[in-house]
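Notes follow once the structure below has been shown.
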Amino acid sequence: MDNHINHNCTLILPVRKGGAQLRKCLKAITAGTVVPEIVIMDCTSEKGALDQIRNSFPSVRVFDMGMNPGRAHAVNTGIHITKTPYVCVLAPRILVGRHCIERMLAAMEKNKNLMSVQAKILASEDPERISGAGWNLSADAASFVRGQGAKAFYYRKRAMVLAAQLDACLFRMEALETVGILDERFYSRLEDLDLGYRGCMAGFDNLYEPSAVCREMESERSSDFYRQMEIGNQIYFRYKHGLGDPGKALRSLLHRKDPGYETAVQRGAMLCFQAEMEMMERTELAMTVTKQTLPEEFCMEVKDEAVRKVFPLYLGERSEASPADIPDLLKMRLRMAVGTADRIRNLLR
């Protein structure tokens, strides 16, 4: 297939810093068999940080966010301002293979019921091992990344997953128009899992495509801050989808002696409270919850007019199941039971 701009697909690249890694990422994308329209969501705090990127890659659109408002916010803004049938999301630390985007698109076009396609992400330290092959949940609603640390040999077959990882995946815009986009209350963890879960409940599928190969240039760093974010998000995720008492569930995630325990609990409780308040304002109090624009809400100086008109999207209300949802709920519980076996296989590989 000729190397050309594919106007059916936009690639959204949320960037917090420029440098050699971002340049390598863009070179790999533009050297692929299919090259999408590329939109960089500039979340750097340093003015002019991406000037060299603009000069080296003139076909790439760069939108200055003015600050780092979080991954979900940046990706949502990118989705709002692009109108192609497919949207690819990539982390700047990922190096895509030459056929990666082409094969994700091919898989998506073959199955009209797919909301997303997940690429095979190989580990930076050992390309014979998996860094990620999609999200899954076990029967106790514990989330995990499929294949993480396992030999790539065991993940050579296609499989349906609960959710695609935002590090390297493709979405169908038509499905997102039905399901909604990312819940911005999640910060840097689990917003993709939440989106995939909602997609499955809406009757869509998410596919892991092993022939679409990419590799980390460096492993994602884990700090106490991000660990606390993830634990708080776990509480909110369980609350939002009615997957058990968040407080009790937390005890299986970490020990109370952990110094970040109280901070994590407080964050999770605050997220649940915010969602409850917003739902009460809309329903019980019959209030119209009017959101400011993203620049206003985050006190951002945004140069691009398209971004200035974007409103924040919150999908924080708890899922209230109706009798019509019972088949989807049963299907989800079956997925989670299968996920338990998948998690055990992860540990053995």
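Scheme for the structure tokens: letters A, B, ... for chains in order shown; per-chain residue numbers from 1; ligand numbers from 1 in order shown.
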Report the closest atom pair, with its distance in Å rounded to one decimal, for each residue of stretch 138-199 of chain A that has an atom no farther than 10 Å from stretch 50-72 of chain A; count only C-alpha atoms, sort by chain and then rising residue number, and write it as a tab-separated table.
```
residue	atom	partner	partner_atom	distance
A:Leu166	CA	A:Arg71	CA	9.1
A:Ile181	CA	A:Ala72	CA	8.9
A:Leu182	CA	A:Ala72	CA	5.8
A:Asp183	CA	A:Ala72	CA	7.0
A:Glu184	CA	A:Ala72	CA	5.4
A:Arg185	CA	A:Ala72	CA	8.4
A:Phe186	CA	A:Ala72	CA	7.3
A:Tyr187	CA	A:Gly70	CA	6.0
A:Ser188	CA	A:Arg71	CA	5.7
A:Arg189	CA	A:Arg71	CA	8.8
A:Leu190	CA	A:Ala72	CA	9.7
A:Glu191	CA	A:Ala72	CA	6.7
A:Asp192	CA	A:Ala72	CA	8.5
```
Original post:
What lies within 9 Å of stretch 122-138 of chain A using only C-alpha atoms, ignoring chain neighbours under 6 positions off, as a ChimeraX atom specification?
Top reply: /A:144-153,155,160-165,167,192-193,196,206-210,213-219,335-343
Original post:
Looking at A:Thr288, A:Thr10, A:Asn346, A:Thr77, which one is nearest to A:Cys169, with distances taken over only C-alpha atoms?
Top reply: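 Checking each candidate against A:Cys169, we get A:Thr10 as the closest.
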I need the residues of stretch 250-323 of chain A that end up classed as helix (DSSP H, G or I) by DSSP on the backbone, written out as a short mmCIF file (atom, residue, chain, number, x, y, z; two decimals) with all heavy atoms, in the first residue's frame.
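Once everything was written out, this is result26.cif:
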```cif
data_model
loop_
_atom_site.label_atom_id
_atom_site.label_comp_id
_atom_site.auth_asym_id
_atom_site.auth_seq_id
_atom_site.Cartn_x
_atom_site.Cartn_y
_atom_site.Cartn_z
N LEU A 250 -11.28 -1.93 48.04
CA LEU A 250 -9.96 -1.32 48.15
C LEU A 250 -9.01 -2.17 48.98
O LEU A 250 -7.81 -2.21 48.74
CB LEU A 250 -10.08 0.07 48.75
CG LEU A 250 -8.78 0.89 48.81
CD1 LEU A 250 -8.29 1.19 47.40
CD2 LEU A 250 -9.00 2.17 49.57
N TYR A 261 -2.34 5.37 51.37
CA TYR A 261 -3.68 4.79 51.48
C TYR A 261 -4.75 5.85 51.68
O TYR A 261 -5.74 5.90 50.95
CB TYR A 261 -3.70 3.78 52.64
CG TYR A 261 -5.04 3.17 52.91
CD1 TYR A 261 -5.47 2.04 52.22
CD2 TYR A 261 -5.90 3.73 53.85
CE1 TYR A 261 -6.71 1.48 52.46
CE2 TYR A 261 -7.14 3.17 54.10
CZ TYR A 261 -7.54 2.05 53.40
OH TYR A 261 -8.78 1.52 53.65
N GLU A 262 -4.56 6.70 52.68
CA GLU A 262 -5.59 7.69 53.02
C GLU A 262 -5.81 8.67 51.88
O GLU A 262 -6.94 9.05 51.58
CB GLU A 262 -5.21 8.43 54.30
CG GLU A 262 -5.28 7.58 55.55
CD GLU A 262 -6.68 7.00 55.78
OE1 GLU A 262 -7.67 7.66 55.42
OE2 GLU A 262 -6.76 5.89 56.32
N THR A 263 -4.73 9.09 51.23
CA THR A 263 -4.85 10.01 50.09
C THR A 263 -5.64 9.37 48.97
O THR A 263 -6.51 10.00 48.35
CB THR A 263 -3.46 10.41 49.58
OG1 THR A 263 -2.72 11.01 50.63
CG2 THR A 263 -3.56 11.38 48.42
N ALA A 264 -5.36 8.10 48.71
CA ALA A 264 -6.06 7.38 47.65
C ALA A 264 -7.55 7.24 47.95
O ALA A 264 -8.40 7.44 47.09
CB ALA A 264 -5.43 6.00 47.44
N VAL A 265 -7.86 6.91 49.21
CA VAL A 265 -9.26 6.77 49.62
C VAL A 265 -9.99 8.10 49.50
O VAL A 265 -11.13 8.17 49.01
CB VAL A 265 -9.34 6.25 51.08
CG1 VAL A 265 -10.77 6.33 51.59
CG2 VAL A 265 -8.84 4.81 51.16
N GLN A 266 -9.35 9.17 49.92
CA GLN A 266 -9.97 10.49 49.84
C GLN A 266 -10.26 10.89 48.40
O GLN A 266 -11.31 11.46 48.10
CB GLN A 266 -9.07 11.53 50.52
CG GLN A 266 -9.02 11.40 52.03
CD GLN A 266 -7.96 12.30 52.65
OE1 GLN A 266 -7.43 13.19 51.99
NE2 GLN A 266 -7.67 12.05 53.91
N ARG A 267 -9.30 10.60 47.51
CA ARG A 267 -9.52 10.93 46.10
C ARG A 267 -10.71 10.15 45.55
O ARG A 267 -11.58 10.70 44.88
CB ARG A 267 -8.28 10.64 45.27
CG ARG A 267 -8.57 10.75 43.77
CD ARG A 267 -7.35 10.72 42.90
NE ARG A 267 -7.73 10.55 41.50
CZ ARG A 267 -8.27 11.50 40.75
NH1 ARG A 267 -8.51 12.69 41.25
NH2 ARG A 267 -8.59 11.25 39.50
N GLY A 268 -10.76 8.84 45.81
CA GLY A 268 -11.86 8.02 45.32
C GLY A 268 -13.19 8.49 45.86
O GLY A 268 -14.18 8.59 45.12
N ALA A 269 -13.23 8.82 47.16
CA ALA A 269 -14.48 9.29 47.77
C ALA A 269 -14.93 10.61 47.15
O ALA A 269 -16.12 10.84 46.93
CB ALA A 269 -14.29 9.44 49.27
N MET A 270 -13.98 11.50 46.87
CA MET A 270 -14.32 12.79 46.27
C MET A 270 -14.88 12.62 44.86
O MET A 270 -15.85 13.29 44.47
CB MET A 270 -13.09 13.70 46.25
CG MET A 270 -13.36 15.07 45.64
SD MET A 270 -14.69 15.99 46.49
CE MET A 270 -13.91 16.29 48.07
N LEU A 271 -14.30 11.71 44.08
CA LEU A 271 -14.81 11.46 42.74
C LEU A 271 -16.25 10.96 42.78
O LEU A 271 -17.10 11.39 41.99
CB LEU A 271 -13.91 10.44 42.02
CG LEU A 271 -12.52 10.92 41.62
CD1 LEU A 271 -11.70 9.74 41.10
CD2 LEU A 271 -12.59 12.01 40.56
N CYS A 272 -16.52 10.06 43.70
CA CYS A 272 -17.88 9.52 43.83
C CYS A 272 -18.84 10.63 44.27
O CYS A 272 -19.97 10.72 43.77
CB CYS A 272 -17.91 8.37 44.84
SG CYS A 272 -16.92 6.94 44.36
N PHE A 273 -18.39 11.47 45.20
CA PHE A 273 -19.23 12.56 45.69
C PHE A 273 -19.56 13.55 44.57
O PHE A 273 -20.70 13.99 44.42
CB PHE A 273 -18.52 13.28 46.84
CG PHE A 273 -19.23 14.52 47.32
CD1 PHE A 273 -20.37 14.42 48.10
CD2 PHE A 273 -18.75 15.78 46.98
CE1 PHE A 273 -21.03 15.56 48.54
CE2 PHE A 273 -19.41 16.92 47.41
CZ PHE A 273 -20.55 16.81 48.19
N GLN A 274 -18.57 13.90 43.78
CA GLN A 274 -18.80 14.83 42.66
C GLN A 274 -19.82 14.27 41.69
O GLN A 274 -20.70 15.00 41.20
CB GLN A 274 -17.48 15.11 41.94
CG GLN A 274 -16.52 15.98 42.73
CD GLN A 274 -15.18 16.11 42.04
OE1 GLN A 274 -14.84 15.34 41.15
NE2 GLN A 274 -14.39 17.09 42.48
N ALA A 275 -19.71 12.98 41.40
CA ALA A 275 -20.66 12.35 40.48
C ALA A 275 -22.07 12.37 41.07
O ALA A 275 -23.05 12.63 40.36
CB ALA A 275 -20.22 10.91 40.18
N GLU A 276 -22.18 12.06 42.37
CA GLU A 276 -23.49 12.07 43.03
C GLU A 276 -24.12 13.46 42.98
O GLU A 276 -25.31 13.61 42.70
CB GLU A 276 -23.32 11.64 44.50
CG GLU A 276 -22.99 10.17 44.68
CD GLU A 276 -24.23 9.29 44.69
OE1 GLU A 276 -25.33 9.82 44.48
OE2 GLU A 276 -24.07 8.07 44.88
N MET A 277 -23.34 14.49 43.28
CA MET A 277 -23.85 15.85 43.30
C MET A 277 -24.33 16.29 41.94
O MET A 277 -25.40 16.90 41.80
CB MET A 277 -22.77 16.81 43.82
CG MET A 277 -22.47 16.67 45.30
SD MET A 277 -23.94 16.97 46.34
CE MET A 277 -24.27 18.69 45.98
N GLU A 278 -23.56 15.98 40.91
CA GLU A 278 -23.96 16.39 39.57
C GLU A 278 -25.24 15.69 39.14
O GLU A 278 -26.13 16.30 38.54
CB GLU A 278 -22.84 16.11 38.56
CG GLU A 278 -23.15 16.64 37.17
CD GLU A 278 -21.99 16.49 36.22
OE1 GLU A 278 -20.83 16.60 36.68
OE2 GLU A 278 -22.23 16.26 35.03
N MET A 279 -25.37 14.41 39.47
CA MET A 279 -26.58 13.67 39.12
C MET A 279 -27.78 14.23 39.88
O MET A 279 -28.87 14.36 39.32
CB MET A 279 -26.41 12.18 39.42
CG MET A 279 -27.60 11.34 38.98
SD MET A 279 -27.26 9.57 39.03
CE MET A 279 -26.98 9.30 40.76
N MET A 280 -27.60 14.59 41.16
CA MET A 280 -28.69 15.14 41.95
C MET A 280 -29.14 16.48 41.38
O MET A 280 -30.33 16.77 41.30
CB MET A 280 -28.25 15.32 43.40
CG MET A 280 -29.36 15.83 44.31
SD MET A 280 -28.80 16.08 46.01
CE MET A 280 -27.76 17.53 45.80
N GLU A 281 -28.20 17.31 40.96
CA GLU A 281 -28.55 18.60 40.38
C GLU A 281 -29.40 18.44 39.12
O GLU A 281 -30.34 19.20 38.89
CB GLU A 281 -27.27 19.38 40.04
CG GLU A 281 -26.53 19.90 41.27
CD GLU A 281 -25.19 20.49 40.91
OE1 GLU A 281 -24.78 20.38 39.73
OE2 GLU A 281 -24.53 21.06 41.80
N ARG A 282 -29.08 17.42 38.34
CA ARG A 282 -29.80 17.23 37.07
C ARG A 282 -31.15 16.58 37.27
O ARG A 282 -32.09 16.86 36.54
CB ARG A 282 -28.96 16.38 36.11
CG ARG A 282 -27.81 17.12 35.49
CD ARG A 282 -27.36 16.43 34.22
NE ARG A 282 -27.18 15.01 34.40
CZ ARG A 282 -26.02 14.43 34.73
NH1 ARG A 282 -24.96 15.17 34.92
NH2 ARG A 282 -25.93 13.14 34.88
N LEU A 294 -13.73 24.32 28.09
CA LEU A 294 -12.52 23.74 28.65
C LEU A 294 -11.49 24.80 29.04
O LEU A 294 -10.92 24.75 30.14
CB LEU A 294 -11.90 22.75 27.66
CG LEU A 294 -12.70 21.47 27.41
CD1 LEU A 294 -11.99 20.59 26.40
CD2 LEU A 294 -12.92 20.70 28.69
N PRO A 295 -11.22 25.80 28.19
CA PRO A 295 -10.25 26.82 28.60
C PRO A 295 -10.68 27.57 29.86
O PRO A 295 -9.87 27.84 30.74
CB PRO A 295 -10.20 27.76 27.39
CG PRO A 295 -10.59 26.90 26.24
CD PRO A 295 -11.63 25.97 26.78
N GLU A 296 -11.99 27.87 29.97
CA GLU A 296 -12.48 28.58 31.15
C GLU A 296 -12.35 27.73 32.40
O GLU A 296 -11.90 28.19 33.46
CB GLU A 296 -13.94 28.99 30.95
CG GLU A 296 -14.15 30.09 29.93
CD GLU A 296 -15.61 30.31 29.61
OE1 GLU A 296 -16.42 29.37 29.81
OE2 GLU A 296 -15.94 31.39 29.15
N GLU A 297 -12.73 26.47 32.29
CA GLU A 297 -12.73 25.60 33.45
C GLU A 297 -11.32 25.34 33.97
O GLU A 297 -11.09 25.23 35.17
CB GLU A 297 -13.43 24.27 33.13
CG GLU A 297 -13.43 23.32 34.31
CD GLU A 297 -14.59 22.34 34.26
OE1 GLU A 297 -15.74 22.77 34.20
OE2 GLU A 297 -14.30 21.14 34.29
N GLU A 305 -9.10 28.49 17.99
CA GLU A 305 -10.51 28.76 18.21
C GLU A 305 -11.32 27.48 18.37
O GLU A 305 -12.32 27.45 19.09
CB GLU A 305 -11.08 29.61 17.06
CG GLU A 305 -10.70 31.07 17.16
CD GLU A 305 -11.20 31.72 18.45
OE1 GLU A 305 -12.36 31.48 18.83
OE2 GLU A 305 -10.42 32.44 19.09
N ALA A 306 -10.91 26.42 17.66
CA ALA A 306 -11.65 25.16 17.76
C ALA A 306 -11.63 24.62 19.18
O ALA A 306 -12.62 24.08 19.68
CB ALA A 306 -11.07 24.13 16.79
N VAL A 307 -10.51 24.77 19.85
CA VAL A 307 -10.39 24.29 21.23
C VAL A 307 -11.18 25.19 22.18
O VAL A 307 -11.78 24.72 23.15
CB VAL A 307 -8.91 24.22 21.66
CG1 VAL A 307 -8.79 23.76 23.11
CG2 VAL A 307 -8.13 23.29 20.76
N ARG A 308 -11.21 26.47 21.92
CA ARG A 308 -11.88 27.42 22.80
C ARG A 308 -13.38 27.14 22.93
O ARG A 308 -14.01 27.52 23.91
CB ARG A 308 -11.68 28.85 22.30
CG ARG A 308 -10.25 29.33 22.37
CD ARG A 308 -10.16 30.79 21.95
NE ARG A 308 -10.86 31.64 22.89
CZ ARG A 308 -10.35 32.10 24.02
NH1 ARG A 308 -9.12 31.79 24.35
NH2 ARG A 308 -11.05 32.87 24.82
N PRO A 323 -34.48 -3.34 33.43
CA PRO A 323 -34.71 -4.71 32.97
C PRO A 323 -34.17 -4.99 31.57
O PRO A 323 -33.70 -6.09 31.28
CB PRO A 323 -36.24 -4.83 33.00
CG PRO A 323 -36.65 -3.87 34.08
CD PRO A 323 -35.70 -2.72 33.98
#
```
Original post:
For the atom pair atom CA of A:Leu243 and atom CA of A:Pro327, what is the interatomic distance in Å to one decimal place?
Top reply: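 Distance between the two atoms: 16.4 Å.
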**OP:** Find the residue from A:His73, A:Arg172, A:Lys240, A:Arg98 that sits nearest to A:Asn111; use only C-alpha atoms when measuring.
**Re:** A:Arg172
**OP:** Skip A:Glu177 itself and residues of its chain fewer than 5 positions away, then list as JSON, numbers by chain all residues within 12 Å of it, counting only C-alpha atoms.
**Re:** {"A": [79, 80, 83, 85, 86, 115, 171, 172, 182, 199, 202]}
Go ahead and save the residues from that selection, with N, CA and C atoms, as an mmCIF file, in the first residue's frame.
```cif
data_model
loop_
_atom_site.group_PDB
_atom_site.id
_atom_site.type_symbol
_atom_site.label_atom_id
_atom_site.label_comp_id
_atom_site.auth_asym_id
_atom_site.auth_seq_id
_atom_site.Cartn_x
_atom_site.Cartn_y
_atom_site.Cartn_z
ATOM 1 N N ILE A 79 -10.700 14.530 19.874
ATOM 2 C CA ILE A 79 -11.852 13.891 19.235
ATOM 3 C C ILE A 79 -12.882 14.937 18.822
ATOM 4 N N HIS A 80 -13.105 15.936 19.675
ATOM 5 C CA HIS A 80 -14.070 16.989 19.374
ATOM 6 C C HIS A 80 -13.721 17.738 18.086
ATOM 7 N N LYS A 83 -13.021 15.071 12.542
ATOM 8 C CA LYS A 83 -14.284 14.568 12.006
ATOM 9 C C LYS A 83 -14.127 13.321 11.136
ATOM 10 N N PRO A 85 -13.875 9.179 10.200
ATOM 11 C CA PRO A 85 -14.614 8.013 10.702
ATOM 12 C C PRO A 85 -13.886 7.225 11.786
ATOM 13 N N TYR A 86 -12.549 7.274 11.766
ATOM 14 C CA TYR A 86 -11.761 6.529 12.739
ATOM 15 C C TYR A 86 -10.795 7.466 13.448
ATOM 16 N N MET A 115 -16.020 -1.302 18.470
ATOM 17 C CA MET A 115 -15.829 0.079 18.891
ATOM 18 C C MET A 115 -14.352 0.436 18.855
ATOM 19 N N PHE A 171 -10.323 3.791 17.424
ATOM 20 C CA PHE A 171 -11.744 3.853 17.756
ATOM 21 C C PHE A 171 -12.578 4.159 16.520
ATOM 22 N N ARG A 172 -13.804 3.628 16.516
ATOM 23 C CA ARG A 172 -14.783 3.978 15.495
ATOM 24 C C ARG A 172 -15.596 5.165 16.011
ATOM 25 N N LEU A 182 -14.363 9.910 26.693
ATOM 26 C CA LEU A 182 -13.719 9.598 27.967
ATOM 27 C C LEU A 182 -14.301 10.418 29.120
ATOM 28 N N GLY A 199 -18.804 0.656 26.365
ATOM 29 C CA GLY A 199 -19.017 0.158 25.008
ATOM 30 C C GLY A 199 -19.576 -1.250 24.991
ATOM 31 N N ALA A 202 -23.114 -1.297 25.845
ATOM 32 C CA ALA A 202 -23.934 -0.779 24.748
ATOM 33 C C ALA A 202 -24.007 -1.750 23.574
#
```
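The space separating atom CA of A:Leu315 from atom CA of A:Gly180 comes to 8.1 Å.
Between A:Ser322 and the candidates A:Met173, A:Ala74, A:Met201, A:Ile12, the tightest atom-to-atom separation, counting only C-alpha atoms, involves A:Met201.
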Subject >> All residues 12 Å or closer to A:Gly97, only C-alpha atoms, same chain fewer than 5 positions away omitted, as a ChimeraX atom specification >> reply: /A:24-35,102-104,119-122,168,210-216
I need the residues from that last selection saved to file as an mmCIF file, in the first residue's frame (with N, CA, C and O atoms), if you can.
```cif
data_model
loop_
_atom_site.group_PDB
_atom_site.id
_atom_site.type_symbol
_atom_site.label_atom_id
_atom_site.label_comp_id
_atom_site.auth_asym_id
_atom_site.auth_seq_id
_atom_site.Cartn_x
_atom_site.Cartn_y
_atom_site.Cartn_z
ATOM 1 N N LYS A 24 11.104 10.419 17.175
ATOM 2 C CA LYS A 24 11.129 9.013 16.739
ATOM 3 C C LYS A 24 9.723 8.471 16.550
ATOM 4 O O LYS A 24 9.439 7.729 15.609
ATOM 5 N N CYS A 25 8.835 8.837 17.471
ATOM 6 C CA CYS A 25 7.439 8.394 17.381
ATOM 7 C C CYS A 25 6.809 8.867 16.075
ATOM 8 O O CYS A 25 6.180 8.093 15.354
ATOM 9 N N LEU A 26 6.988 10.148 15.738
ATOM 10 C CA LEU A 26 6.409 10.710 14.519
ATOM 11 C C LEU A 26 7.048 10.133 13.264
ATOM 12 O O LEU A 26 6.368 9.893 12.254
ATOM 13 N N LYS A 27 8.362 9.888 13.294
ATOM 14 C CA LYS A 27 9.026 9.284 12.137
ATOM 15 C C LYS A 27 8.466 7.899 11.852
ATOM 16 O O LYS A 27 8.266 7.522 10.690
ATOM 17 N N ALA A 28 8.213 7.134 12.908
ATOM 18 C CA ALA A 28 7.652 5.786 12.724
ATOM 19 C C ALA A 28 6.239 5.865 12.140
ATOM 20 O O ALA A 28 5.874 5.093 11.249
ATOM 21 N N ILE A 29 5.430 6.807 12.625
ATOM 22 C CA ILE A 29 4.062 6.953 12.112
ATOM 23 C C ILE A 29 4.083 7.327 10.633
ATOM 24 O O ILE A 29 3.368 6.738 9.805
ATOM 25 N N THR A 30 4.897 8.312 10.281
ATOM 26 C CA THR A 30 4.924 8.807 8.901
ATOM 27 C C THR A 30 5.625 7.845 7.940
ATOM 28 O O THR A 30 5.519 8.012 6.726
ATOM 29 N N ALA A 31 6.320 6.836 8.470
ATOM 30 C CA ALA A 31 6.950 5.826 7.625
ATOM 31 C C ALA A 31 6.055 4.599 7.441
ATOM 32 O O ALA A 31 6.442 3.640 6.773
ATOM 33 N N GLY A 32 4.865 4.625 8.003
ATOM 34 C CA GLY A 32 3.969 3.472 7.928
ATOM 35 C C GLY A 32 3.327 3.297 6.567
ATOM 36 O O GLY A 32 3.336 4.197 5.720
ATOM 37 N N THR A 33 2.759 2.137 6.347
ATOM 38 C CA THR A 33 2.078 1.856 5.083
ATOM 39 C C THR A 33 0.805 2.681 4.933
ATOM 40 O O THR A 33 0.353 2.936 3.817
ATOM 41 N N VAL A 34 0.213 3.071 6.060
ATOM 42 C CA VAL A 34 -0.904 4.018 6.068
ATOM 43 C C VAL A 34 -0.548 5.131 7.050
ATOM 44 O O VAL A 34 -0.205 4.861 8.201
ATOM 45 N N VAL A 35 -0.619 6.352 6.582
ATOM 46 C CA VAL A 35 -0.300 7.498 7.433
ATOM 47 C C VAL A 35 -1.579 8.286 7.687
ATOM 48 O O VAL A 35 -2.158 8.859 6.769
ATOM 49 N N GLU A 102 -2.259 0.324 9.583
ATOM 50 C CA GLU A 102 -2.969 -0.334 8.470
ATOM 51 C C GLU A 102 -3.750 -1.545 8.956
ATOM 52 O O GLU A 102 -4.917 -1.747 8.582
ATOM 53 N N ARG A 103 -3.146 -2.355 9.808
ATOM 54 C CA ARG A 103 -3.788 -3.594 10.258
ATOM 55 C C ARG A 103 -4.891 -3.330 11.287
ATOM 56 O O ARG A 103 -5.870 -4.072 11.319
ATOM 57 N N MET A 104 -4.746 -2.295 12.099
ATOM 58 C CA MET A 104 -5.856 -1.928 12.985
ATOM 59 C C MET A 104 -7.057 -1.463 12.169
ATOM 60 O O MET A 104 -8.199 -1.833 12.446
ATOM 61 N N ALA A 119 -3.730 -2.598 19.654
ATOM 62 C CA ALA A 119 -2.498 -3.116 19.078
ATOM 63 C C ALA A 119 -1.743 -3.973 20.092
ATOM 64 O O ALA A 119 -1.985 -3.889 21.303
ATOM 65 N N LYS A 120 -0.828 -4.791 19.592
ATOM 66 C CA LYS A 120 0.077 -5.542 20.472
ATOM 67 C C LYS A 120 1.236 -4.617 20.843
ATOM 68 O O LYS A 120 1.975 -4.158 19.978
ATOM 69 N N ILE A 121 1.394 -4.353 22.136
ATOM 70 C CA ILE A 121 2.464 -3.464 22.607
ATOM 71 C C ILE A 121 3.568 -4.318 23.223
ATOM 72 O O ILE A 121 3.344 -5.020 24.213
ATOM 73 N N LEU A 122 4.747 -4.263 22.620
ATOM 74 C CA LEU A 122 5.893 -5.023 23.120
ATOM 75 C C LEU A 122 6.671 -4.196 24.136
ATOM 76 O O LEU A 122 6.708 -2.967 24.065
ATOM 77 N N ALA A 168 -2.124 2.661 22.544
ATOM 78 C CA ALA A 168 -2.036 2.294 21.126
ATOM 79 C C ALA A 168 -3.321 1.602 20.704
ATOM 80 O O ALA A 168 -3.459 0.380 20.852
ATOM 81 N N PRO A 210 -3.254 -8.886 17.142
ATOM 82 C CA PRO A 210 -1.831 -9.154 17.360
ATOM 83 C C PRO A 210 -0.931 -8.826 16.173
ATOM 84 O O PRO A 210 0.282 -8.673 16.337
ATOM 85 N N SER A 211 -1.504 -8.719 14.964
ATOM 86 C CA SER A 211 -0.663 -8.394 13.803
ATOM 87 C C SER A 211 -0.322 -6.909 13.738
ATOM 88 O O SER A 211 0.562 -6.497 12.977
ATOM 89 N N ALA A 212 -1.023 -6.088 14.528
ATOM 90 C CA ALA A 212 -0.724 -4.657 14.612
ATOM 91 C C ALA A 212 0.267 -4.466 15.750
ATOM 92 O O ALA A 212 -0.109 -4.396 16.919
ATOM 93 N N VAL A 213 1.539 -4.411 15.413
ATOM 94 C CA VAL A 213 2.599 -4.472 16.422
ATOM 95 C C VAL A 213 3.230 -3.101 16.632
ATOM 96 O O VAL A 213 3.497 -2.357 15.683
ATOM 97 N N CYS A 214 3.462 -2.777 17.890
ATOM 98 C CA CYS A 214 4.221 -1.577 18.238
ATOM 99 C C CYS A 214 5.067 -1.905 19.462
ATOM 100 O O CYS A 214 4.925 -2.969 20.060
ATOM 101 N N ARG A 215 5.949 -0.973 19.824
ATOM 102 C CA ARG A 215 6.859 -1.240 20.942
ATOM 103 C C ARG A 215 7.075 0.023 21.757
ATOM 104 O O ARG A 215 7.137 1.129 21.216
ATOM 105 N N GLU A 216 7.188 -0.156 23.055
ATOM 106 C CA GLU A 216 7.534 0.961 23.928
ATOM 107 C C GLU A 216 8.984 1.372 23.688
ATOM 108 O O GLU A 216 9.850 0.516 23.502
#
```
Original post:
Which residue, A:Lys291, A:Ser319, A:Ile101, A:Glu220, has the smallest gap to A:Arg198 when you use only C-alpha atoms?
Top reply: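 So, comparing all the options, the nearest one is A:Ser319.
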Original post:
Just asking: which residues within stretch 34-247 of chain A are strand (DSSP E) according to DSSP, as a ChimeraX atom specification?
Top reply: /A:35-42,61-64,86-90,94-96,114-122,130-132,135-137,143-145,159-161,168-172,205-216
